[in-house]
Amino acid sequence: MAESIYIPTAATKAVKYESILPQVDALISSETDTYANLANVAAVLREAFGFFWVGFYLVKEEELVLGPFQGPLACTRIRMGKGVCGTAWAKAETQLVPDVEAFPGHIACSSASKSEIVVPGFKKGKVWIVLDVDSDQLGDFDSVDQEYLEKLMLLVDKYC
Ligand code: SME
């Protein structure tokens, strides 16, 4: 297993994503443990982009339960349809939120969080996990993040 990843500096966001996706593929395709892989994916995203908070919530019975993450401590359980994460689960689609204050029912784990993107992952057509990324800047995520984080979640679905 690779012990480090290469992240191009002074590159656009898209170039960084293009660089890390095959490296994430190599990293997690060679390990079978779900939590080990999720932990490394969170670490790679944090290292590449310096996200304020990045991590996973896993579907467990009727709730999302906190999984591996990087960043400040976070709420541990989220009900279906609640907050940005619970909405991504209920609607089974990515939620791109430029201003969390404007999102009805947003769950503020940290008052420093200003914008957010949540991308669901699927197994057998059902959401089994969501990737949550928070920024301390307004409007920090766009269609580029959505496109590549959705591609990354296909790897997570396949190998985790
Ligand atoms: N803000 C999220 C909760 C999770 S934390 O941001 C880590 C939400 O509204 O679902």
# chains A, B, ... in the order shown; residues from 1 in each chain; ligands from 1
$ residues_near_ligand --ligand "ligand 1" --cutoff "10 Å" --atoms "only C-alpha atoms and all ligand atoms" --output "MDAnalysis selection string"
chainID A and resid 52:57 64 66 69:89 95 97 100:101 103:118 130:135
$ select_by_dssp --residues "chain A" --states "helix (DSSP H, G or I)" --output "ChimeraX atom specification"
/A:13-29,34-49,83-91,100-102,143-159
$ residues_around --residues "A:Lys13" --least-positions-apart "3" --cutoff "8 Å" --atoms "only C-alpha atoms" --output "PyMOL selection string"
chain A and resi 16-17+144-145
$ write_last_selection --atoms "N, CA and C atoms" --output "PDB file, in the first residue's frame"
ATOM      1  N   LYS A  16      -6.418  18.804  -9.125  1.00  0.00           N
ATOM      2  CA  LYS A  16      -6.161  18.067  -7.878  1.00  0.00           C
ATOM      3  C   LYS A  16      -7.051  16.824  -7.789  1.00  0.00           C
ATOM      4  N   TYR A  17      -8.337  17.011  -8.095  1.00  0.00           N
ATOM      5  CA  TYR A  17      -9.235  15.840  -8.055  1.00  0.00           C
ATOM      6  C   TYR A  17      -8.785  14.792  -9.063  1.00  0.00           C
ATOM      7  N   VAL A 144     -17.819  21.471  -9.793  1.00  0.00           N
ATOM      8  CA  VAL A 144     -16.572  20.703  -9.916  1.00  0.00           C
ATOM      9  C   VAL A 144     -16.448  19.741  -8.729  1.00  0.00           C
ATOM     10  N   ASP A 145     -16.679  20.268  -7.523  1.00  0.00           N
ATOM     11  CA  ASP A 145     -16.640  19.387  -6.344  1.00  0.00           C
ATOM     12  C   ASP A 145     -17.680  18.284  -6.477  1.00  0.00           C
TER      13      ASP A 145
END
$ closest_residue --among "A:Val127, A:Val119, A:Glu18, A:Leu96" --to "A:Val59" --atoms "only C-alpha atoms"
A:Val127
$ atom_distance --atom1 "atom CA of A:Phe51" --atom2 "atom CA of A:Trp128"
22.9 Å
